[in-house]
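A.B. asks: protein_36.cif is reproduced below (mmCIF, C-alpha atoms).
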data_my_file
loop_
_atom_site.label_atom_id
_atom_site.label_comp_id
_atom_site.auth_asym_id
_atom_site.auth_seq_id
_atom_site.Cartn_x
_atom_site.Cartn_y
_atom_site.Cartn_z
CA MET O 1 0.00 0.00 0.00
CA ALA O 2 1.31 3.47 -0.83
CA VAL O 3 0.31 6.77 0.73
CA THR O 4 1.29 10.27 -0.33
CA LEU O 5 3.11 12.15 2.41
CA LEU O 6 2.95 15.94 1.94
CA VAL O 7 6.12 17.65 3.19
CA PRO O 8 5.75 21.15 4.70
CA THR O 9 8.09 23.78 3.27
CA ALA O 10 9.94 23.97 6.59
CA LEU O 11 11.11 20.37 6.18
CA ARG O 12 11.86 20.32 2.45
CA THR O 13 15.51 21.19 3.01
CA PHE O 14 15.79 17.70 4.48
CA THR O 15 13.93 15.94 1.64
CA ASP O 16 16.03 17.30 -1.24
CA GLY O 17 13.28 19.83 -1.90
CA LYS O 18 10.62 17.16 -2.49
CA LYS O 19 7.08 18.38 -1.76
CA GLU O 20 5.56 14.92 -1.54
CA LEU O 21 6.74 11.38 -1.15
CA GLU O 22 5.14 8.07 -2.02
CA ILE O 23 5.59 5.77 0.97
CA ALA O 24 4.54 2.19 1.54
CA ALA O 25 2.81 1.99 4.92
CA THR O 26 -0.19 0.49 6.68
CA THR O 27 -0.27 3.00 9.56
CA VAL O 28 0.56 6.68 9.99
CA GLY O 29 3.39 5.69 12.34
CA GLU O 30 4.98 3.52 9.65
CA ALA O 31 4.78 6.37 7.14
CA VAL O 32 6.49 8.84 9.50
CA THR O 33 9.14 6.26 10.45
CA ALA O 34 9.83 5.61 6.78
CA LEU O 35 10.23 9.35 6.21
CA ALA O 36 12.75 9.59 9.06
CA ASP O 37 14.62 6.48 7.90
CA THR O 38 14.89 7.82 4.35
CA TYR O 39 16.04 11.27 5.49
CA PRO O 40 17.82 10.79 8.88
CA ASP O 41 18.54 14.53 9.29
CA ILE O 42 14.81 15.09 9.68
CA LYS O 43 14.58 12.90 12.80
CA LYS O 44 15.40 15.51 15.44
CA HIS O 45 12.77 17.82 13.97
CA LEU O 46 10.07 15.18 14.35
CA TYR O 47 10.97 13.22 17.47
CA GLU O 48 11.88 13.94 21.10
CA ASP O 49 15.04 12.32 22.48
CA SER O 50 12.68 9.78 24.07
CA GLY O 51 11.48 8.69 20.64
CA GLU O 52 8.04 10.29 21.04
CA LEU O 53 6.69 12.44 18.24
CA ARG O 54 7.22 16.11 19.19
CA SER O 55 4.11 17.43 20.87
CA PHE O 56 3.47 20.39 18.56
CA ILE O 57 3.16 18.27 15.44
CA ASN O 58 -0.29 17.54 14.08
CA ILE O 59 -0.74 14.84 11.48
CA PHE O 60 -3.74 14.70 9.19
CA VAL O 61 -4.94 11.82 7.04
CA GLY O 62 -6.99 13.63 4.46
CA GLU O 63 -8.67 16.29 6.58
CA THR O 64 -8.82 14.24 9.77
CA ASN O 65 -6.40 14.85 12.64
CA ILE O 66 -5.08 11.49 13.81
CA LYS O 67 -5.47 12.64 17.43
CA SER O 68 -9.13 11.70 17.00
CA THR O 69 -8.48 8.37 15.26
CA GLY O 70 -5.87 6.59 17.38
CA GLY O 71 -2.69 8.57 16.83
CA LEU O 72 0.25 7.00 15.03
CA GLY O 73 -1.54 3.65 15.01
CA THR O 74 -4.18 5.06 12.66
CA ALA O 75 -4.51 2.79 9.64
CA VAL O 76 -3.91 4.24 6.20
CA ARG O 77 -5.19 2.96 2.90
CA ASP O 78 -3.77 2.96 -0.56
CA GLY O 79 -4.04 6.49 -1.98
CA ASP O 80 -4.44 8.28 1.37
CA THR O 81 -2.75 11.62 1.84
CA VAL O 82 -0.79 12.17 5.05
CA MET O 83 0.13 15.74 6.03
CA LEU O 84 2.48 16.98 8.78
CA VAL O 85 1.55 20.42 10.12
CA PRO O 86 2.96 22.30 13.10
CA ALA O 87 0.19 22.59 15.69
CA ILE O 88 0.21 26.33 15.63
CA ALA O 89 -2.19 26.81 18.51
CA GLY O 90 -5.07 24.51 17.89
CA GLY O 91 -4.08 23.33 14.46
CA ALA O 92 -7.71 23.27 13.38
CA LEU O 93 -8.09 22.88 9.67
CA THR O 94 -11.60 24.29 9.48
CA VAL O 95 -13.06 27.40 11.04
CA ASN O 96 -16.60 27.21 9.83
CA ASN O 97 -17.98 26.11 13.18
CA MET P 1 -10.69 59.33 22.79
CA SER P 2 -10.59 56.55 20.18
CA ILE P 3 -9.65 52.91 20.74
CA LEU P 4 -6.49 53.67 18.72
CA ASP P 5 -5.39 56.15 21.42
CA LEU P 6 -4.96 53.18 23.77
CA VAL P 7 -2.14 51.65 21.70
CA GLY P 8 1.26 51.67 23.44
CA ASN P 9 2.43 53.00 26.80
CA THR P 10 2.24 49.49 28.22
CA PRO P 11 3.59 48.66 31.69
CA LEU P 12 6.89 46.94 32.44
CA ILE P 13 6.55 43.91 34.73
CA GLU P 14 9.42 42.44 36.76
CA LEU P 15 9.74 38.66 36.39
CA GLU P 16 11.29 37.82 39.75
CA LYS P 17 10.53 34.08 39.47
CA PHE P 18 12.76 33.76 36.42
CA THR P 19 16.00 35.10 37.90
CA ASP P 20 18.17 34.16 40.84
CA ALA P 21 17.61 36.87 43.46
CA SER P 22 21.22 36.63 44.62
CA SER P 23 22.57 37.26 41.11
CA GLY P 24 21.81 40.96 41.13
CA VAL P 25 20.36 40.61 37.62
CA LYS P 26 16.88 41.97 36.96
CA LEU P 27 14.49 40.74 34.26
CA PHE P 28 11.58 42.86 33.07
CA ALA P 29 8.90 42.19 30.44
CA LYS P 30 6.92 44.72 28.44
CA ALA P 31 3.23 43.85 28.81
CA GLU P 32 2.29 44.23 25.15
CA PHE P 33 -0.70 41.93 25.59
CA LEU P 34 -2.39 44.94 27.23
CA ASN P 35 -2.69 46.78 23.92
CA PRO P 36 -6.36 47.21 22.91
CA SER P 37 -6.58 44.31 20.44
CA GLY P 38 -4.42 42.19 22.73
CA SER P 39 -0.97 42.16 21.19
CA VAL P 40 2.21 44.05 20.35
CA LYS P 41 1.02 44.18 16.75
CA ASP P 42 -1.31 47.10 17.49
CA ARG P 43 1.72 49.36 17.35
CA ALA P 44 2.85 48.42 13.83
CA ALA P 45 -0.70 48.20 12.46
CA LYS P 46 -1.58 51.67 13.78
CA SER P 47 1.67 53.12 12.47
CA MET P 48 1.18 51.68 8.96
CA PHE P 49 -2.53 52.66 8.92
CA LEU P 50 -1.77 56.27 9.85
CA GLY P 51 1.07 56.30 7.32
CA GLY P 52 -1.35 55.22 4.60
CA ILE P 53 -3.74 58.03 5.46
CA ALA P 54 -0.90 60.55 5.61
CA ASP P 55 0.53 59.68 2.18
CA GLY P 56 -2.87 59.18 0.54
CA THR P 57 -2.45 55.48 -0.32
CA LEU P 58 -5.31 54.63 2.07
CA SER P 59 -8.27 56.56 0.70
CA VAL P 60 -11.96 56.24 1.58
CA GLY P 61 -13.46 52.93 0.50
CA LYS P 62 -10.20 51.04 0.11
CA THR P 63 -9.86 47.60 1.67
CA ILE P 64 -6.94 46.99 4.03
CA ILE P 65 -5.25 43.74 2.95
CA ASP P 66 -2.19 41.90 4.27
CA SER P 67 -0.79 38.50 5.18
CA THR P 68 -0.54 37.60 8.85
CA SER P 69 -0.30 34.66 11.20
CA GLY P 70 -2.96 36.35 13.31
CA ASN P 71 -2.04 39.17 15.63
CA THR P 72 -1.42 41.84 12.99
CA GLY P 73 -4.64 40.68 11.38
CA ILE P 74 -6.54 41.20 14.61
CA ALA P 75 -4.99 44.66 14.93
CA TYR P 76 -5.99 45.57 11.35
CA ALA P 77 -9.48 44.19 12.00
CA MET P 78 -9.84 46.41 15.08
CA ILE P 79 -8.59 49.47 13.21
CA GLY P 80 -10.76 48.75 10.16
CA ALA P 81 -13.84 48.41 12.36
CA ALA P 82 -13.04 51.60 14.28
CA CYS P 83 -12.27 53.65 11.18
CA GLY P 84 -14.71 52.26 8.61
CA HIS P 85 -12.42 50.32 6.25
CA PRO P 86 -13.12 46.76 5.08
CA VAL P 87 -10.28 44.35 6.00
CA THR P 88 -9.19 41.19 4.13
CA LEU P 89 -6.49 38.96 5.65
CA TYR P 90 -4.51 36.08 4.19
CA MET P 91 -3.60 33.55 6.86
CA PRO P 92 -2.22 29.99 6.94
CA GLN P 93 -5.06 27.52 7.49
CA ASN P 94 -3.40 26.21 10.68
CA THR P 95 -3.49 29.54 12.50
CA SER P 96 -5.32 29.21 15.81
CA ILE P 97 -9.09 29.10 15.66
CA GLU P 98 -9.32 31.75 18.37
CA ARG P 99 -7.49 34.25 16.18
CA LYS P 100 -9.67 33.55 13.19
CA ARG P 101 -12.82 33.94 15.24
CA ILE P 102 -11.70 37.23 16.80
CA ILE P 103 -10.96 38.59 13.31
CA ARG P 104 -14.37 37.52 12.05
CA TYR P 105 -16.10 39.01 15.11
CA TYR P 106 -14.49 42.36 14.26
CA GLY P 107 -16.15 41.98 10.85
CA ALA P 108 -13.06 41.28 8.75
CA GLU P 109 -12.71 38.67 6.00
CA ILE P 110 -10.16 35.83 6.07
CA VAL P 111 -8.66 34.02 3.08
CA GLU P 112 -7.00 30.81 4.22
CA THR P 113 -3.78 29.66 2.57
CA ASP P 114 -1.99 26.31 2.40
CA PRO P 115 -0.92 25.23 5.91
CA LEU P 116 2.10 23.44 4.42
CA GLU P 117 3.43 26.77 3.14
CA SER P 118 3.09 28.57 6.52
CA THR P 119 3.34 32.39 6.54
CA ASP P 120 5.34 32.44 3.31
CA GLY P 121 2.34 30.94 1.50
CA ALA P 122 0.07 33.69 2.87
CA PHE P 123 2.65 36.33 1.91
CA ASN P 124 2.88 35.11 -1.68
CA ALA P 125 -0.91 34.76 -2.00
CA VAL P 126 -1.65 38.29 -0.83
CA ARG P 127 0.87 39.72 -3.27
CA ASP P 128 -0.93 37.94 -6.11
CA ALA P 129 -4.29 39.32 -4.93
CA VAL P 130 -2.98 42.89 -4.76
CA ALA P 131 -1.29 42.62 -8.15
CA ALA P 132 -4.60 41.49 -9.68
CA ASP P 133 -6.55 44.51 -8.38
CA PRO P 134 -4.16 47.15 -7.02
CA GLU P 135 -6.65 50.04 -6.90
CA ARG P 136 -8.98 48.16 -4.59
CA TYR P 137 -6.54 47.63 -1.77
CA PHE P 138 -4.35 49.37 0.78
CA TYR P 139 -1.53 46.85 1.28
CA PRO P 140 0.65 47.87 4.23
CA ASP P 141 2.99 44.86 3.67
CA GLN P 142 4.11 44.53 7.26
CA TYR P 143 7.22 42.55 6.29
CA ASN P 144 8.59 45.39 4.16
CA ASN P 145 7.08 48.59 5.61
CA ALA P 146 9.56 50.85 7.44
CA LEU P 147 6.68 52.23 9.54
CA ASN P 148 6.54 48.84 11.28
CA PRO P 149 9.95 49.11 13.02
CA LEU P 150 9.51 52.88 13.31
CA ALA P 151 6.50 52.30 15.59
CA HIS P 152 8.87 50.48 17.94
CA TYR P 153 11.64 53.06 17.57
CA ASN P 154 9.27 55.83 18.60
CA GLY P 155 7.17 53.75 21.00
CA THR P 156 8.42 50.49 22.52
CA GLY P 157 12.11 51.44 22.56
CA ALA P 158 11.56 54.94 23.94
CA GLU P 159 9.19 53.61 26.61
CA ILE P 160 11.61 50.89 27.75
CA TRP P 161 14.44 53.42 27.95
CA GLU P 162 12.38 55.63 30.28
CA GLN P 163 10.74 52.79 32.24
CA THR P 164 14.10 51.28 33.16
CA GLY P 165 15.41 54.67 34.29
CA HIS P 166 17.96 54.49 31.44
CA ASN P 167 19.48 51.41 33.12
CA ILE P 168 18.64 48.69 30.57
CA THR P 169 21.72 46.68 29.55
CA HIS P 170 20.16 43.93 27.36
CA PHE P 171 17.11 43.69 25.12
CA ILE P 172 16.03 40.25 23.90
CA THR P 173 13.01 39.21 21.84
CA GLY P 174 11.86 36.95 19.02
CA MET P 175 11.33 37.88 15.39
CA GLY P 176 8.33 37.46 13.11
CA THR P 177 8.37 40.43 10.78
CA SER P 178 11.33 41.53 12.94
CA GLY P 179 9.69 44.96 13.43
CA THR P 180 9.67 44.83 17.24
CA PHE P 181 13.26 43.62 17.48
CA VAL P 182 14.72 45.98 14.86
CA GLY P 183 12.86 49.15 15.86
CA THR P 184 13.26 48.72 19.61
CA SER P 185 16.92 47.74 19.30
CA ARG P 186 17.68 50.73 17.08
CA ARG P 187 16.18 53.13 19.59
CA LEU P 188 17.92 51.57 22.56
CA LYS P 189 21.30 51.60 20.82
CA HIS P 190 20.66 55.22 19.81
CA GLU P 191 20.13 56.04 23.48
CA ASN P 192 23.09 53.97 24.65
CA PRO P 193 25.30 52.13 22.13
CA ALA P 194 26.53 49.82 24.90
CA ILE P 195 23.12 48.12 25.18
CA LYS P 196 23.28 44.55 23.84
CA THR P 197 20.44 43.28 21.67
CA VAL P 198 19.70 39.57 21.26
CA ALA P 199 17.30 38.05 18.72
CA VAL P 200 15.39 34.85 19.51
CA GLN P 201 14.55 32.25 16.86
CA PRO P 202 12.86 28.86 16.85
CA GLU P 203 15.52 26.13 17.05
CA SER P 204 13.97 24.23 14.14
CA PRO P 205 12.40 25.44 10.89
CA PHE P 206 9.52 23.12 11.86
CA HIS P 207 8.14 24.63 15.07
CA GLY P 208 5.03 25.65 16.99
CA ILE P 209 6.01 29.13 18.18
CA GLU P 210 3.26 31.06 16.45
CA GLY P 211 4.21 34.47 15.13
CA THR P 212 7.93 33.79 14.93
CA LYS P 213 9.98 33.01 11.85
CA HIS P 214 12.96 30.73 11.42
CA MET P 215 14.96 33.20 9.35
CA GLY P 216 17.33 30.66 7.86
CA SER P 217 14.59 28.73 6.07
CA THR P 218 11.94 31.36 5.24
CA ILE P 219 11.56 34.53 3.18
CA LYS P 220 13.55 37.22 4.98
CA PRO P 221 11.51 40.36 5.69
CA GLY P 222 12.77 43.50 3.96
CA ILE P 223 12.77 45.37 7.28
CA LEU P 224 15.08 42.81 8.90
CA ASP P 225 18.42 44.41 9.81
CA GLU P 226 20.64 41.56 10.96
CA SER P 227 23.47 43.96 11.80
CA ILE P 228 21.47 45.29 14.76
CA ALA P 229 21.64 41.94 16.60
CA ASP P 230 24.65 41.37 18.85
CA ALA P 231 23.66 37.70 19.12
CA VAL P 232 21.00 35.26 17.97
CA VAL P 233 19.81 32.50 20.30
CA THR P 234 17.36 29.66 19.74
CA VAL P 235 14.47 28.22 21.72
CA THR P 236 12.67 24.92 21.22
CA THR P 237 8.91 24.78 21.01
CA GLU P 238 8.96 22.56 24.11
CA GLU P 239 10.91 25.21 26.11
CA ALA P 240 8.46 27.87 24.96
CA TYR P 241 5.49 25.73 26.01
CA ALA P 242 6.98 24.99 29.45
CA THR P 243 7.81 28.64 30.12
CA THR P 244 4.38 29.79 28.94
CA ARG P 245 2.81 27.41 31.49
CA ARG P 246 5.19 28.65 34.21
CA LEU P 247 4.30 32.27 33.53
CA ALA P 248 0.62 31.46 34.04
CA ARG P 249 1.00 29.14 37.03
CA GLU P 250 3.85 30.79 38.94
CA SER P 251 3.50 34.46 38.05
CA GLY P 252 -0.18 34.82 37.12
CA ILE P 253 0.81 36.11 33.68
CA PHE P 254 -1.41 34.48 31.06
CA VAL P 255 0.37 35.01 27.75
CA GLY P 256 1.00 33.21 24.47
CA ILE P 257 3.70 30.86 23.22
CA SER P 258 5.99 33.50 21.70
CA SER P 259 6.04 35.27 25.10
CA GLY P 260 7.09 31.97 26.65
CA ALA P 261 9.87 31.66 24.07
CA ASN P 262 11.06 35.18 24.86
CA VAL P 263 11.08 34.64 28.62
CA ALA P 264 12.79 31.25 28.28
CA ALA P 265 15.60 32.84 26.26
CA ALA P 266 15.76 35.91 28.52
CA ALA P 267 15.99 33.80 31.68
CA ARG P 268 18.83 31.81 30.12
CA LEU P 269 20.61 35.05 29.19
CA CYS P 270 20.20 36.39 32.74
CA ARG P 271 22.09 33.39 34.12
CA THR P 272 25.17 34.45 32.13
CA LEU P 273 25.22 38.13 33.12
CA PRO P 274 27.02 40.05 35.88
CA SER P 275 25.28 41.72 38.82
CA GLY P 276 23.64 45.00 37.90
CA SER P 277 22.45 43.82 34.49
CA VAL P 278 18.92 44.84 33.49
CA VAL P 279 17.29 42.64 30.84
CA VAL P 280 14.05 43.48 29.04
CA THR P 281 11.92 41.22 26.86
CA ILE P 282 8.45 41.34 25.30
CA LEU P 283 5.19 39.64 26.29
CA CYS P 284 3.69 39.66 22.81
CA ASP P 285 0.10 38.55 23.25
CA SER P 286 -2.50 37.07 25.57
CA GLY P 287 -2.81 33.37 26.36
CA SER P 288 -6.51 33.60 25.56
CA ARG P 289 -5.56 33.27 21.87
CA TYR P 290 -4.33 29.73 22.51
CA ILE P 291 -7.09 28.31 24.69
CA SER P 292 -7.73 25.37 22.33
CA ASP P 293 -4.08 24.28 22.31
CA ALA P 294 -3.21 21.05 24.08
CA PHE P 295 0.11 22.32 25.45
CA TRP P 296 -1.56 23.94 28.48
CA GLU P 297 -2.22 20.46 29.85
CA GLY P 298 1.47 19.51 29.83
#
As structure tokens, how would this structure be written, given the file I've shared?
C.D. replies:
Amino acid sequence: MAVTLLVPTALRTFTDGKKELEIAATTVGEAVTALADTYPDIKKHLYEDSGELRSFINIFVGETNIKSTGGLGTAVRDGDTVMLVPAIAGGALTVNN
Amino acid sequence: MSILDLVGNTPLIELEKFTDASSGVKLFAKAEFLNPSGSVKDRAAKSMFLGGIADGTLSVGKTIIDSTSGNTGIAYAMIGAACGHPVTLYMPQNTSIERKRIIRYYGAEIVETDPLESTDGAFNAVRDAVAADPERYFYPDQYNNALNPLAHYNGTGAEIWEQTGHNITHFITGMGTSGTFVGTSRRLKHENPAIKTVAVQPESPFHGIEGTKHMGSTIKPGILDESIADAVVTVTTEEAYATTRRLARESGIFVGISSGANVAAAARLCRTLPSGSVVVTILCDSGSRYISDAFWEG
């Protein structure tokens, strides 16, 4: 299964300028791990020393924040889009409510 | 008196809990969250608005338009409401929901831009909009407008100089547009060239310190004057979060994440300075703009 991981501009210096990556993964955690394994310099920007994902990072599958769907264990399907966004205060992707 | 008359002249608070009393070093913070729309950005927005009226670029019926991560937008929205100008703001989609709501409650319009592109995406999008219909808009362009740092030269810097009894030795704050840092530093060095000025940046280009820019990886503002900084230090998002919580819980000062970043860096600086040093930093905005953020629970 392959998902499309969208890389924020702030991290593209670590991905040779690539805006998106096709990654084989069955969960969000696998996709992020694969990103860090492919580009090791990105690791410290994503993970605490303890190995936890840094707390200000929000990850969306499509338009859904994985905080509401089981975190890094959230399953992904072929063709899903995974997006890493800094949780700039709330990190809400819609404001129509 | 108009709401705009309340901009500036903010108090200076001593942060005793963030220094070692025996060190003889004092740390003060400028309470910019007490400006009428709730942030330091009232100063730059008012300055650029009045400049537009003075030079005729802001005429009756024109819409004020700019890119912002929130606080300048809220300041424009307040000014537009008070003075009868429509306001349109380009903001990254992941800006806090509180900020977007405040802007809408002032009656301004928001155009959301790609969250992956951060503030640079909003900056590029607003330039395209202005280029497509230049007569419709007054575009202050806070990243490139000299009236932004000038507001801090004439206001923030002059106030700090007087409020510290001319005894300030170090000024330290973060940079978004860099207007606060550049304008305040210029004024303080004009008053006393021995004053040291320190800029604060997020440690990573990927960060959660809203309103600050990682200058090495983003579009550099035209108003940025790197020669004015005696040093540049970095703060992690986690340090900023922890210090923001400490300010609320230990000092009763409920401010936002960039204020936490500033105080974290300032407290670290204080630990390296000799007795008699007087350090000043900025409390940029209120914590009420970040109510929905999970970091408060940490």
A.B. asks: Considering all atoms listed in the file, can you say which of O:Thr13, O:Thr4, O:Ser68, O:Thr38 comes closest to Ala25 (chain O)?
C.D. replies: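 Ranked by minimum distance to Ala25 (chain O), first place goes to O:Thr4.
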A.B. asks: Would you kindly return, as a PyMOL selection string, each protein, DNA or RNA residue with an atom no farther than 12 Å from any atom of Glu117 (chain P), considering only C-alpha atoms and excluding same-chain residues fewer than 2 positions away?
C.D. replies: (chain O and resi 6-12+19+83-86) or (chain P and resi 69+91-95+112-115+119-125+205-206+217-219)
A.B. asks: What's around Arg136 (chain P) at 9 Å? Count all atoms listed in the file, leave out sequence neighbours fewer than 6 positions away in its own chain, and write the answer as a list in words.
C.D. replies: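 Once the adjacent positions are removed, what remains is Gly61, Lys62, Thr63, Ile64 and Val130 of chain P.
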A.B. asks: Those same residues, written as a PDB file, in the frame of the given file with C-alpha atoms?
C.D. replies:
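Everything below was put into result.pdb:
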ATOM      1  CA  GLY P  61     -13.460  52.930   0.500  1.00  0.00           C
ATOM      2  CA  LYS P  62     -10.200  51.040   0.110  1.00  0.00           C
ATOM      3  CA  THR P  63      -9.860  47.600   1.670  1.00  0.00           C
ATOM      4  CA  ILE P  64      -6.940  46.990   4.030  1.00  0.00           C
ATOM      5  CA  VAL P 130      -2.980  42.890  -4.760  1.00  0.00           C
TER       6      VAL P 130
END
A.B. asks: Could you tell me how far CA of Arg187 (chain P) lies from CA of Met175 (chain P), in Å and to one decimal?
C.D. replies: 16.5 Å
A.B. asks: List the neighbours of Gly176 (chain P) out to 10 Å using only C-alpha atoms; skip same-chain residues closer than 2 positions along the sequence, and give me the result as a PyMOL selection string.
C.D. replies: chain P and resi 68-69+119+143+174+178-181+200-201+210-215+220-221+224+258
